[in-house]
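K.L.:
So I've got this file, coords_38.json, and it contains JSON, C-alpha atoms and all ligand atoms:
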```json
[["chain", "number", "residue", "atom", "x", "y", "z"],
["J", 1, "MET", "CA", -29.57, 76.03, -118.95],
["J", 2, "GLY", "CA", -32.17, 74.14, -120.98],
["J", 3, "GLU", "CA", -33.54, 71.93, -118.22],
["J", 4, "PHE", "CA", -34.45, 71.93, -114.54],
["J", 5, "LYS", "CA", -33.43, 69.05, -112.25],
["J", 6, "ASN", "CA", -35.05, 67.76, -109.05],
["J", 7, "VAL", "CA", -38.32, 69.58, -109.56],
["J", 8, "SER", "CA", -42.01, 68.86, -109.15],
["J", 9, "VAL", "CA", -44.34, 69.58, -112.06],
["J", 10, "ILE", "CA", -47.99, 70.33, -111.32],
["J", 11, "LYS", "CA", -50.17, 68.18, -113.57],
["J", 12, "LYS", "CA", -53.00, 70.67, -114.10],
["J", 13, "ALA", "CA", -52.29, 73.30, -116.75],
["J", 14, "ASN", "CA", -52.69, 77.01, -116.06],
["J", 15, "VAL", "CA", -55.10, 78.31, -118.69],
["J", 16, "TYR", "CA", -55.73, 82.02, -119.39],
["J", 17, "PHE", "CA", -57.52, 84.04, -122.05],
["J", 18, "ASP", "CA", -59.61, 81.14, -123.41],
["J", 19, "GLY", "CA", -56.50, 79.02, -123.84],
["J", 20, "MET", "CA", -54.57, 81.59, -125.81],
["J", 21, "VAL", "CA", -52.07, 81.58, -122.94],
["J", 22, "THR", "CA", -51.25, 78.37, -121.09],
["J", 23, "SER", "CA", -48.49, 77.43, -118.70],
["J", 24, "ARG", "CA", -47.24, 74.63, -116.48],
["J", 25, "THR", "CA", -45.99, 75.21, -112.94],
["J", 26, "VAL", "CA", -42.55, 73.88, -111.94],
["J", 27, "ARG", "CA", -41.80, 73.79, -108.20],
["J", 28, "PHE", "CA", -38.21, 73.72, -106.92],
["J", 29, "GLU", "CA", -36.83, 72.15, -103.76],
["J", 30, "ASP", "CA", -36.37, 75.61, -102.21],
["J", 31, "GLY", "CA", -40.09, 76.26, -102.67],
["J", 32, "THR", "CA", -39.72, 78.72, -105.53],
["J", 33, "GLU", "CA", -41.84, 78.31, -108.65],
["J", 34, "LYS", "CA", -41.46, 79.02, -112.33],
["J", 35, "THR", "CA", -44.03, 78.62, -115.04],
["J", 36, "LEU", "CA", -43.21, 77.34, -118.52],
["J", 37, "GLY", "CA", -45.76, 78.80, -120.88],
["J", 38, "MET", "CA", -46.86, 79.54, -124.41],
["J", 39, "MET", "CA", -48.63, 82.68, -125.56],
["J", 40, "LEU", "CA", -50.42, 82.66, -128.89],
["J", 41, "PRO", "CA", -50.70, 85.88, -130.90],
["J", 42, "GLY", "CA", -52.97, 88.45, -129.27],
["J", 43, "GLU", "CA", -53.00, 91.20, -126.66],
["J", 44, "TYR", "CA", -53.12, 90.28, -122.97],
["J", 45, "ARG", "CA", -52.83, 92.00, -119.62],
["J", 46, "PHE", "CA", -51.06, 90.00, -116.92],
["J", 47, "ASN", "CA", -51.29, 90.86, -113.25],
["J", 48, "ALA", "CA", -48.12, 90.37, -111.23],
["J", 49, "ASP", "CA", -48.62, 89.96, -107.49],
["J", 50, "ALA", "CA", -44.99, 88.93, -106.89],
["J", 51, "GLN", "CA", -42.03, 90.34, -108.79],
["J", 52, "GLU", "CA", -41.38, 88.19, -111.81],
["J", 53, "THR", "CA", -38.81, 87.76, -114.53],
["J", 54, "MET", "CA", -40.22, 86.82, -117.92],
["J", 55, "GLU", "CA", -37.57, 85.00, -119.97],
["J", 56, "ILE", "CA", -38.53, 84.71, -123.61],
["J", 57, "LEU", "CA", -37.28, 81.43, -125.06],
["J", 58, "SER", "CA", -38.61, 81.92, -128.60],
["J", 59, "GLY", "CA", -41.11, 84.14, -130.41],
["J", 60, "GLU", "CA", -41.68, 87.88, -130.33],
["J", 61, "LEU", "CA", -43.84, 90.23, -128.33],
["J", 62, "GLU", "CA", -44.15, 93.88, -127.43],
["J", 63, "VAL", "CA", -44.44, 94.63, -123.74],
["J", 64, "GLN", "CA", -45.53, 97.63, -121.71],
["J", 65, "VAL", "CA", -44.85, 97.27, -118.00],
["J", 66, "ALA", "CA", -47.16, 99.16, -115.63],
["J", 67, "GLY", "CA", -46.33, 102.81, -115.48],
["J", 68, "ASP", "CA", -43.93, 102.79, -118.42],
["J", 69, "ASN", "CA", -45.17, 104.82, -121.31],
["J", 70, "GLU", "CA", -43.22, 102.87, -123.88],
["J", 71, "TRP", "CA", -43.53, 99.54, -125.62],
["J", 72, "LYS", "CA", -40.42, 97.36, -125.81],
["J", 73, "THR", "CA", -39.96, 94.39, -128.12],
["J", 74, "PHE", "CA", -38.60, 91.13, -126.75],
["J", 75, "LYS", "CA", -37.50, 88.03, -128.68],
["J", 76, "GLY", "CA", -35.94, 84.65, -127.84],
["J", 77, "GLY", "CA", -33.01, 85.00, -125.45],
["J", 78, "GLU", "CA", -34.27, 88.24, -123.92],
["J", 79, "ALA", "CA", -36.02, 88.88, -120.61],
["J", 80, "PHE", "CA", -37.89, 91.56, -118.68],
["J", 81, "VAL", "CA", -38.77, 92.13, -115.02],
["J", 82, "VAL", "CA", -42.21, 93.04, -113.71],
["J", 83, "PRO", "CA", -42.29, 94.72, -110.29],
["J", 84, "ALA", "CA", -44.36, 93.14, -107.51],
["J", 85, "GLY", "CA", -47.92, 94.38, -107.31],
["J", 86, "SER", "CA", -48.00, 95.65, -110.89],
["J", 87, "PHE", "CA", -48.92, 94.32, -114.30],
["J", 88, "PHE", "CA", -47.78, 94.21, -117.88],
["J", 89, "VAL", "CA", -49.52, 94.25, -121.23],
["J", 90, "ALA", "CA", -48.22, 91.95, -123.97],
["J", 91, "LYS", "CA", -48.87, 92.25, -127.68],
["J", 92, "VAL", "CA", -47.80, 88.82, -128.88],
["J", 93, "LYS", "CA", -46.75, 88.80, -132.53],
["J", 94, "GLU", "CA", -46.05, 85.08, -132.94],
["J", 95, "PRO", "CA", -46.35, 82.00, -130.75],
["J", 96, "THR", "CA", -44.06, 82.83, -127.82],
["J", 97, "ASP", "CA", -42.44, 80.29, -125.51],
["J", 98, "TYR", "CA", -41.48, 81.65, -122.10],
["J", 99, "CYS", "CA", -40.22, 80.81, -118.64],
["J", 100, "CYS", "CA", -41.57, 83.01, -115.85],
["J", 101, "SER", "CA", -39.64, 83.08, -112.55],
["J", 102, "TYR", "CA", -41.56, 84.33, -109.54],
["J", 103, "MET", "CA", -39.74, 86.03, -106.68],
["J", 104, "ARG", "CA", -41.33, 84.93, -103.40],
["J", 201, "LIG", "O1", -52.96, 85.60, -111.50],
["J", 201, "LIG", "P1", -54.07, 86.66, -111.67],
["J", 201, "LIG", "O2", -53.88, 87.89, -110.82],
["J", 201, "LIG", "O3", -55.45, 86.05, -111.59],
["J", 201, "LIG", "O4", -53.90, 87.18, -113.16],
["J", 201, "LIG", "C1", -54.00, 86.23, -114.20],
["J", 201, "LIG", "O5", -55.35, 86.17, -114.58],
["J", 201, "LIG", "C2", -55.58, 87.15, -115.57],
["J", 201, "LIG", "C3", -56.30, 86.52, -116.75],
["J", 201, "LIG", "O6", -57.50, 85.95, -116.30],
["J", 201, "LIG", "C4", -54.24, 87.66, -116.07],
["J", 201, "LIG", "O7", -54.06, 88.99, -115.64],
["J", 201, "LIG", "C5", -53.26, 86.74, -115.40],
["J", 201, "LIG", "O8", -52.06, 87.41, -115.01],
["J", 202, "LIG", "N1", -48.29, 87.32, -114.31],
["J", 202, "LIG", "C1", -48.06, 86.33, -115.21],
["J", 202, "LIG", "N2", -46.82, 86.13, -115.69],
["J", 202, "LIG", "C2", -46.59, 85.16, -116.57],
["J", 202, "LIG", "N3", -47.51, 84.33, -117.04],
["J", 202, "LIG", "C3", -48.74, 84.49, -116.59],
["J", 202, "LIG", "N4", -49.87, 83.81, -116.88],
["J", 202, "LIG", "C4", -50.85, 84.38, -116.16],
["J", 202, "LIG", "N5", -50.40, 85.39, -115.41],
["J", 202, "LIG", "C5", -49.08, 85.48, -115.67]]
```
Would you encode the structure as structure tokens?

P.N.:
Amino acid sequence: MGEFKNVSVIKKANVYFDGMVTSRTVRFEDGTEKTLGMMLPGEYRFNADAQETMEILSGELEVQVAGDNEWKTFKGGEAFVVPAGSFFVAKVKEPTDYCCSYMR
């Protein structure tokens, strides 16, 4: 599914880590939101208030989700889940395109 239909897109970009990570918010008719983002190479910690699913569209990163003591590599076509109220650390190896789905 390469596109979303009947959505609202918030004009203002979400900017993190001095612009090394940016995203756009897409709002669906049922009130749920996803963000479409790009992460440039670097290491970042992301807080996750709500549970989220990070779908990697292209690129490569290593991820450690809160509490895990291992790093897992994800590439285009793969995804990982971050529990609500936790965080994950990402070591981004190349520009990484992602779609993050937030569970309300
Ligand atoms: O949405 P909050 O909790 O502010 O967290 C966001 O802000 C932090 C970067 O400033 C990252 O951890 C990102 O996940
Ligand atoms: N928790 C998060 N998940 C995905 N992208 C983000 N950008 C900033 N925080 C994020």

K.L.:
Using only C-alpha atoms - which residues lie no farther than 10 Å from the point (-41.3, 65.1, -105.5) in the file's frame? Write them as a PyMOL selection string.

P.N.:
chain J and resi 6-9+27-29

K.L.:
Next, write the just-selected residues to a file, as a PDB file, in the coordinates of the input, keeping C-alpha atoms as the atom set.

P.N.:
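For reference, selection.pdb as written:
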```
ATOM      1  CA  ASN J   6     -35.050  67.760-109.050  1.00  0.00           C
ATOM      2  CA  VAL J   7     -38.320  69.580-109.560  1.00  0.00           C
ATOM      3  CA  SER J   8     -42.010  68.860-109.150  1.00  0.00           C
ATOM      4  CA  VAL J   9     -44.340  69.580-112.060  1.00  0.00           C
ATOM      5  CA  ARG J  27     -41.800  73.790-108.200  1.00  0.00           C
ATOM      6  CA  PHE J  28     -38.210  73.720-106.920  1.00  0.00           C
ATOM      7  CA  GLU J  29     -36.830  72.150-103.760  1.00  0.00           C
TER       8      GLU J  29
END
```

K.L.:
Check the smallest atom-to-atom distance from each of J:Gly42, J:Gly19, J:Gly37, J:Pro83 to ligand LIG 202 (chain J) using only C-alpha atoms and all ligand atoms, then report the winner.

P.N.:
J:Gly37

K.L.:
Record the distance separating atom CA of J:Gln64 and atom CA of J:Lys91, expressed in Å with one decimal.

P.N.:
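For atom CA of J:Gln64 relative to atom CA of J:Lys91, the distance reads 8.7 Å.
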
K.L.:
Residues near J:Ala66, anyone? I mean within 8 Å using only C-alpha atoms, not counting same-chain ones fewer than 4 positions away, as a ChimeraX atom specification.

P.N.:
/J:86-89

K.L.:
Grab me every residue within 6 Å of ligand LIG 202 (chain J), counting all atoms listed in the file, and send it over as a short mmCIF file (atom, residue, chain, number, x, y, z; two decimals) with C-alpha atoms, keeping the file's coordinate frame.

P.N.:
```
data_model
loop_
_atom_site.label_atom_id
_atom_site.label_comp_id
_atom_site.auth_asym_id
_atom_site.auth_seq_id
_atom_site.Cartn_x
_atom_site.Cartn_y
_atom_site.Cartn_z
CA PHE J 46 -51.06 90.00 -116.92
CA ASN J 47 -51.29 90.86 -113.25
CA ALA J 48 -48.12 90.37 -111.23
CA CYS J 100 -41.57 83.01 -115.85
#
```
